[in-house]
>>> print(open('protein37.cif').read())   # mmCIF, C-alpha atoms and all ligand atoms
data_data
#
loop_
_atom_site.group_PDB
_atom_site.id
_atom_site.type_symbol
_atom_site.label_atom_id
_atom_site.label_comp_id
_atom_site.auth_asym_id
_atom_site.auth_seq_id
_atom_site.Cartn_x
_atom_site.Cartn_y
_atom_site.Cartn_z
ATOM 1 C CA MET G 10 90.598 75.366 84.677
ATOM 2 C CA ALA G 11 90.686 78.391 82.380
ATOM 3 C CA GLN G 12 89.044 80.918 84.722
ATOM 4 C CA CYS G 13 91.460 80.168 87.564
ATOM 5 C CA ILE G 14 93.945 83.051 87.687
ATOM 6 C CA PHE G 15 96.843 80.810 88.693
ATOM 7 C CA CYS G 16 96.059 78.401 85.818
ATOM 8 C CA GLN G 17 96.087 81.453 83.545
ATOM 9 C CA ILE G 18 99.532 82.350 84.876
ATOM 10 C CA VAL G 19 100.700 78.743 84.270
ATOM 11 C CA ASN G 20 99.353 78.971 80.698
ATOM 12 C CA LYS G 21 101.020 82.397 80.227
ATOM 13 C CA GLU G 22 97.621 83.977 79.602
ATOM 14 C CA MET G 23 98.171 86.411 82.471
ATOM 15 C CA PRO G 24 101.369 88.336 83.257
ATOM 16 C CA ALA G 25 103.468 87.317 86.246
ATOM 17 C CA SER G 26 106.962 87.961 87.557
ATOM 18 C CA ILE G 27 108.222 84.413 87.202
ATOM 19 C CA VAL G 28 111.113 83.198 89.319
ATOM 20 C CA TYR G 29 111.317 79.543 88.299
ATOM 21 C CA GLU G 30 109.425 76.746 86.589
ATOM 22 C CA ASP G 31 109.805 73.057 85.920
ATOM 23 C CA ASP G 32 107.480 70.240 84.834
ATOM 24 C CA LEU G 33 105.594 70.217 88.135
ATOM 25 C CA CYS G 34 105.564 73.725 89.538
ATOM 26 C CA LEU G 35 105.749 77.446 88.884
ATOM 27 C CA VAL G 36 107.210 80.109 91.189
ATOM 28 C CA PHE G 37 106.265 83.783 90.882
ATOM 29 C CA MET G 38 106.094 86.974 92.908
ATOM 30 C CA ASP G 39 102.881 87.756 94.815
ATOM 31 C CA ILE G 40 101.287 90.776 93.140
ATOM 32 C CA PHE G 41 100.161 92.201 96.485
ATOM 33 C CA PRO G 42 103.241 91.428 98.589
ATOM 34 C CA ILE G 43 102.836 91.469 102.344
ATOM 35 C CA LYS G 44 106.611 91.950 102.482
ATOM 36 C CA LEU G 45 109.181 92.623 99.773
ATOM 37 C CA GLY G 46 110.100 89.234 98.304
ATOM 38 C CA HIS G 47 106.716 87.572 99.005
ATOM 39 C CA THR G 48 106.779 84.573 96.645
ATOM 40 C CA LEU G 49 104.243 81.906 95.659
ATOM 41 C CA ILE G 50 104.929 78.300 94.640
ATOM 42 C CA ILE G 51 102.100 76.530 92.781
ATOM 43 C CA PRO G 52 101.569 73.154 91.112
ATOM 44 C CA LYS G 53 101.146 73.387 87.336
ATOM 45 C CA THR G 54 97.965 71.314 87.422
ATOM 46 C CA HIS G 55 94.844 72.715 89.054
ATOM 47 C CA SER G 56 93.908 71.520 92.536
ATOM 48 C CA ALA G 57 92.247 73.612 95.212
ATOM 49 C CA PHE G 58 93.426 71.608 98.216
ATOM 50 C CA LEU G 59 96.772 70.250 99.332
ATOM 51 C CA HIS G 60 95.381 66.717 99.883
ATOM 52 C CA GLU G 61 94.287 66.554 96.231
ATOM 53 C CA LEU G 62 97.868 66.686 94.969
ATOM 54 C CA ASP G 63 99.983 63.632 94.155
ATOM 55 C CA ASP G 64 102.504 62.972 96.915
ATOM 56 C CA LYS G 65 105.289 63.595 94.420
ATOM 57 C CA VAL G 66 103.931 67.047 93.500
ATOM 58 C CA ARG G 67 103.262 68.028 97.125
ATOM 59 C CA GLN G 68 106.771 67.040 98.167
ATOM 60 C CA HIS G 69 108.228 68.897 95.214
ATOM 61 C CA LEU G 70 106.336 72.114 96.104
ATOM 62 C CA PHE G 71 107.904 72.154 99.566
ATOM 63 C CA LYS G 72 111.327 71.244 98.225
ATOM 64 C CA VAL G 73 111.118 74.196 95.835
ATOM 65 C CA ALA G 74 109.704 76.448 98.586
ATOM 66 C CA ASN G 75 112.722 75.587 100.728
ATOM 67 C CA ALA G 76 115.072 76.360 97.820
ATOM 68 C CA VAL G 77 113.301 79.699 97.270
ATOM 69 C CA LEU G 78 113.688 80.547 100.943
ATOM 70 C CA GLN G 79 117.396 79.697 100.812
ATOM 71 C CA ALA G 80 117.784 81.800 97.636
ATOM 72 C CA GLN G 81 116.049 84.705 99.394
ATOM 73 C CA ARG G 82 118.508 84.349 102.277
ATOM 74 C CA ASP G 83 121.473 84.273 99.906
ATOM 75 C CA ALA G 84 120.118 87.337 98.078
ATOM 76 C CA GLY G 85 119.712 89.212 101.377
ATOM 77 C CA ILE G 86 115.932 89.469 100.875
ATOM 78 C CA THR G 87 115.139 87.312 103.902
ATOM 79 C CA ARG G 88 117.215 88.146 106.943
ATOM 80 C CA ASP G 89 115.659 87.318 110.301
ATOM 81 C CA GLY G 90 113.078 84.669 109.378
ATOM 82 C CA ALA G 91 110.228 83.653 107.086
ATOM 83 C CA ASN G 92 106.721 82.228 107.039
ATOM 84 C CA LEU G 93 106.089 79.265 104.733
ATOM 85 C CA LEU G 94 102.364 78.842 104.644
ATOM 86 C CA VAL G 95 99.410 77.286 102.838
ATOM 87 C CA ASN G 96 95.907 78.627 103.337
ATOM 88 C CA ASP G 97 93.997 75.396 102.670
ATOM 89 C CA GLY G 98 90.345 76.268 102.027
ATOM 90 C CA LYS G 99 88.148 79.373 102.143
ATOM 91 C CA ALA G 100 87.649 79.081 105.906
ATOM 92 C CA ALA G 101 91.431 79.239 106.277
ATOM 93 C CA ASN G 102 91.659 82.507 104.309
ATOM 94 C CA GLN G 103 92.368 80.954 100.893
ATOM 95 C CA HIS G 104 91.313 83.479 98.246
ATOM 96 C CA VAL G 105 92.699 81.750 95.161
ATOM 97 C CA PRO G 106 91.419 78.149 94.990
ATOM 98 C CA HIS G 107 94.598 76.764 93.390
ATOM 99 C CA VAL G 108 97.135 75.346 95.865
ATOM 100 C CA HIS G 109 99.942 77.779 96.647
ATOM 101 C CA VAL G 110 102.745 77.918 99.189
ATOM 102 C CA HIS G 111 103.544 81.430 100.390
ATOM 103 C CA VAL G 112 107.197 82.194 101.176
ATOM 104 C CA LEU G 113 107.060 85.394 103.181
ATOM 105 C CA PRO G 114 110.248 87.088 104.406
ATOM 106 C CA ARG G 115 110.015 88.362 107.983
ATOM 107 C CA ASP G 116 112.082 90.760 110.028
ATOM 108 C CA GLN G 117 112.366 90.944 113.792
ATOM 109 C CA GLY G 118 109.617 93.233 115.135
ATOM 110 C CA ASP G 119 107.687 93.556 111.857
ATOM 111 C CA LEU G 120 104.359 92.150 113.115
ATOM 112 C CA VAL G 121 102.437 95.444 113.185
ATOM 113 C CA LYS G 122 103.708 96.435 109.724
ATOM 114 C CA VAL G 123 102.871 92.977 108.324
ATOM 115 C CA ALA G 124 99.369 93.078 109.841
ATOM 116 C CA TRP G 125 98.763 96.568 108.410
ATOM 117 C CA THR G 126 100.014 95.624 104.935
ATOM 118 C CA PHE G 127 97.972 92.397 105.045
ATOM 119 C CA LEU G 128 94.821 94.463 105.573
ATOM 120 C CA THR G 129 95.540 97.269 103.095
ATOM 121 C CA ARG G 130 97.727 95.772 100.345
ATOM 122 C CA MET G 131 94.934 95.255 97.800
ATOM 123 C CA LEU G 132 93.861 98.907 97.958
ATOM 124 C CA ASN G 133 96.964 100.037 96.156
ATOM 125 C CA PHE G 134 96.353 99.738 92.416
ATOM 126 C CA PHE G 135 98.475 102.764 91.530
ATOM 127 C CA GLY G 136 101.810 102.673 89.728
ATOM 128 C CA LYS G 137 101.141 99.269 88.164
ATOM 129 C CA ASP G 138 103.997 99.420 85.632
ATOM 130 C CA LYS G 139 106.500 100.566 88.235
ATOM 131 C CA LYS G 140 105.275 97.830 90.517
ATOM 132 C CA ARG G 141 105.707 95.170 87.820
ATOM 133 C CA ALA G 142 109.268 96.344 87.192
ATOM 134 C CA LYS G 143 110.001 96.035 90.907
ATOM 135 C CA LEU G 144 108.497 92.529 91.065
ATOM 136 C CA ASP G 145 110.460 91.470 87.955
ATOM 137 C CA LYS G 146 113.692 92.712 89.550
ATOM 138 C CA MET G 147 112.914 90.795 92.751
ATOM 139 C CA ALA G 148 112.137 87.638 90.711
ATOM 140 C CA SER G 149 115.462 87.980 88.928
ATOM 141 C CA ASP G 150 117.381 88.457 92.214
ATOM 142 C CA ILE G 151 115.843 85.279 93.676
ATOM 143 C CA ARG G 152 116.362 83.307 90.424
ATOM 144 C CA GLN G 153 120.062 84.146 90.388
ATOM 145 C CA HIS G 154 120.484 82.513 93.800
ATOM 146 C CA LEU G 155 118.547 79.326 93.061
ATOM 147 C CA PRO G 156 120.573 76.142 92.537
ATOM 148 C CA SER G 157 120.456 74.732 88.994
ATOM 149 C CA ASP G 158 119.335 71.294 90.255
ATOM 150 C CA ILE G 159 116.253 71.725 92.475
HETATM 151 P P1 LIG B 201 95.548 83.255 99.579
HETATM 152 O O1 LIG B 201 94.847 84.334 100.315
HETATM 153 O O2 LIG B 201 96.338 82.307 100.454
HETATM 154 O O3 LIG B 201 94.630 82.510 98.610
HETATM 155 O O4 LIG B 201 96.674 83.954 98.695
HETATM 156 C C1 LIG B 201 96.477 84.339 97.372
HETATM 157 C C2 LIG B 201 97.607 85.243 97.036
HETATM 158 O O5 LIG B 201 97.632 85.393 95.633
HETATM 159 C C3 LIG B 201 97.479 86.645 97.635
HETATM 160 O O6 LIG B 201 98.608 86.919 98.453
HETATM 161 C C4 LIG B 201 97.393 87.559 96.417
HETATM 162 O O7 LIG B 201 98.079 88.768 96.624
HETATM 163 C C5 LIG B 201 98.036 86.720 95.345
HETATM 164 N N1 LIG B 201 97.588 87.007 93.980
HETATM 165 C C6 LIG B 201 96.326 87.198 93.547
HETATM 166 N N2 LIG B 201 96.317 87.419 92.208
HETATM 167 C C7 LIG B 201 97.600 87.349 91.790
HETATM 168 C C8 LIG B 201 98.247 87.504 90.528
HETATM 169 N N3 LIG B 201 97.560 87.777 89.416
HETATM 170 N N4 LIG B 201 99.602 87.410 90.485
HETATM 171 C C9 LIG B 201 100.311 87.161 91.614
HETATM 172 N N5 LIG B 201 99.758 86.991 92.828
HETATM 173 C C10 LIG B 201 98.418 87.092 92.922
HETATM 174 ZN ZN ZN B 202 94.106 76.747 88.780
#
>>> encode(input="protein37.cif", output="structure tokens", more="lines below")
Ligand code: AMP
Ligand code: ZN
Amino acid sequence: MAQCIFCQIVNKEMPASIVYEDDLCLVFMDIFPIKLGHTLIIPKTHSAFLHELDDKVRQHLFKVANAVLQAQRDAGITRDGANLLVNDGKAANQHVPHVHVHVLPRDQGDLVKVAWTFLTRMLNFFGKDKKRAKLDKMASDIRQHLPSDI
């Protein structure tokens, strides 16, 4: 699906701060992070809903998500906890209709900050280049802590 932004990222037609890829999935930094380190894991083939994926792909996404979370812990990006979440369908707040697992680092007591950033994060279009550099650095930090055999 060419017009799908995540398919465009898979096809390298749109820039992304890529953490990891294999035959089945791609991992990259969320461009509007709710928290520093906010990462997305997507299947390489287009599906809008989780149930549309092959079992093998779905299992792999969560295996990789778990490895990303562990890498974030090892890199000191995730300390107190994390949300692993899929918004499955428009009614469930899914904005990009290509399956994605969010890995969102959380800190004790950060709820108000997270809620505020969730509501305002897309307003900030300034400093795009600086922002990309920051996301690339974060992607590299996570990549360095991923095992070679996910
Ligand atoms: P959802 O609301 O669950 O569909 O999440 C979609 C996520 O994709 C949001 O957190 C967006 O910030 C993120 N996003 C949208 N466009 C891009 C992009 N070009 N590169 C990286 N992340 C993106
Ligand atoms: Zn897609």
>>> residues_near_ligand(input="protein37.cif", ligand="ligand LIG 201 (chain B)", cutoff="7 Å", atoms="all atoms listed in the file", output="number ranges by chain")
G: 14, 25, 37-42, 95-96, 102-106, 109
>>> closest_atom_pairs(input="protein37.cif", of="chain G", to="ligand ZN 202 (chain B)", cutoff="8 Å", atoms="all atoms listed in the file", output="tab-separated table")
residue	atom	partner	partner_atom	distance
G:Met10	CA	B:ZN202	ZN	5.6
G:Ala11	CA	B:ZN202	ZN	7.4
G:Gln12	CA	B:ZN202	ZN	7.7
G:Cys13	CA	B:ZN202	ZN	4.5
G:Ile14	CA	B:ZN202	ZN	6.4
G:Phe15	CA	B:ZN202	ZN	4.9
G:Cys16	CA	B:ZN202	ZN	3.9
G:Gln17	CA	B:ZN202	ZN	7.3
G:Lys53	CA	B:ZN202	ZN	7.9
G:Thr54	CA	B:ZN202	ZN	6.8
G:His55	CA	B:ZN202	ZN	4.1
G:Ser56	CA	B:ZN202	ZN	6.4
G:Ala57	CA	B:ZN202	ZN	7.4
G:Pro106	CA	B:ZN202	ZN	6.9
G:His107	CA	B:ZN202	ZN	4.6
G:Val108	CA	B:ZN202	ZN	7.8
>>> resolve_selection(input="protein37.cif", expression="the PyMOL selection byres (((chain G and resi 153) around 10) and not hetatm)", output="list of chain:residue names")
G:Val28, G:Ala80, G:Gln81, G:Asp83, G:Ala84, G:Ala148, G:Ser149, G:Asp150, G:Ile151, G:Arg152, G:His154, G:Leu155, G:Pro156, G:Ser157
>>> atom_distance(input="protein37.cif", atom1="atom CA of G:Ala74", atom2="atom CA of G:Val110")
7.1 Å
>>> atom_distance(input="protein37.cif", atom1="atom CA of G:Asp116", atom2="atom CA of G:Arg88")
6.5 Å
>>> atom_distance(input="protein37.cif", atom1="atom CA of G:Glu30", atom2="atom CA of G:Val112")
15.7 Å
>>> resolve_selection(input="protein37.cif", expression="the PyMOL selection byres (((chain G and resi 44) around 8) and not hetatm)", output="list of chain:residue names")
G:Pro42, G:Ile43, G:Leu45, G:Gly46, G:His47, G:Leu113, G:Pro114, G:Arg115, G:Val123, G:Thr126
>>> closest_residue(input="protein37.cif", among="G:Leu93, G:Met131, G:Asp145, G:Asp63", to="G:Gln79", atoms="all atoms listed in the file")
G:Leu93
>>> residues_near_point(input="protein37.cif", point="(108.2, 75.9, 89.7)", cutoff="10 Å", atoms="all atoms listed in the file", output="CSV table (one decimal) with C-alpha atoms, in the coordinates of the input")
chain,number,residue,atom,x,y,z
G,19,VAL,CA,100.7,78.7,84.3
G,27,ILE,CA,108.2,84.4,87.2
G,28,VAL,CA,111.1,83.2,89.3
G,29,TYR,CA,111.3,79.5,88.3
G,30,GLU,CA,109.4,76.7,86.6
G,31,ASP,CA,109.8,73.1,85.9
G,32,ASP,CA,107.5,70.2,84.8
G,33,LEU,CA,105.6,70.2,88.1
G,34,CYS,CA,105.6,73.7,89.5
G,35,LEU,CA,105.7,77.4,88.9
G,36,VAL,CA,107.2,80.1,91.2
G,37,PHE,CA,106.3,83.8,90.9
G,49,LEU,CA,104.2,81.9,95.7
G,50,ILE,CA,104.9,78.3,94.6
G,51,ILE,CA,102.1,76.5,92.8
G,52,PRO,CA,101.6,73.2,91.1
G,53,LYS,CA,101.1,73.4,87.3
G,69,HIS,CA,108.2,68.9,95.2
G,70,LEU,CA,106.3,72.1,96.1
G,73,VAL,CA,111.1,74.2,95.8
G,74,ALA,CA,109.7,76.4,98.6
G,77,VAL,CA,113.3,79.7,97.3
G,159,ILE,CA,116.3,71.7,92.5
>>> closest_residue(input="protein37.cif", among="G:Phe58, G:Thr87, G:Lys72, G:Leu120", to="G:Lys99", atoms="only C-alpha atoms")
G:Phe58
>>> closest_residue(input="protein37.cif", among="G:Gly90, G:Ile18, G:Asp97, G:Leu78", to="G:Leu59", atoms="all atoms listed in the file")
G:Asp97
>>> closest_residue(input="protein37.cif", among="G:Gly98, G:Ser26, G:Asn92, G:His60", to="G:Ala142", atoms="all atoms listed in the file")
G:Ser26
>>> axis_aligned_box(input="protein37.cif", around="stretch 103-116 of chain G", padding_each_side="6 Å", output="JSON")
{"center_x": 101.7, "center_y": 83.1, "center_z": 101.7, "size_x": 32.8, "size_y": 27.4, "size_z": 28.6}
>>> decode(input="protein37.cif", residues="stretch 34-48 of chain G", atoms="C-alpha atoms", output="PDB file, in the first residue's frame")
ATOM      1  CA  CYS G  34       9.448  -6.517  10.889  1.00  0.00           C
ATOM      2  CA  LEU G  35      10.879  -3.025  11.138  1.00  0.00           C
ATOM      3  CA  VAL G  36      11.595  -1.063  14.328  1.00  0.00           C
ATOM      4  CA  PHE G  37      11.908   2.730  14.337  1.00  0.00           C
ATOM      5  CA  MET G  38      11.554   5.724  16.624  1.00  0.00           C
ATOM      6  CA  ASP G  39       8.141   7.409  16.911  1.00  0.00           C
ATOM      7  CA  ILE G  40       8.446  10.845  15.310  1.00  0.00           C
ATOM      8  CA  PHE G  41       6.187  12.416  17.941  1.00  0.00           C
ATOM      9  CA  PRO G  42       7.461  10.616  21.047  1.00  0.00           C
ATOM     10  CA  ILE G  43       5.237  10.630  24.099  1.00  0.00           C
ATOM     11  CA  LYS G  44       8.400   9.879  26.083  1.00  0.00           C
ATOM     12  CA  LEU G  45      12.060   9.809  25.087  1.00  0.00           C
ATOM     13  CA  GLY G  46      12.697   6.367  23.592  1.00  0.00           C
ATOM     14  CA  HIS G  47       9.131   5.841  22.284  1.00  0.00           C
ATOM     15  CA  THR G  48       9.614   3.079  19.696  1.00  0.00           C
TER      16      THR G  48
END
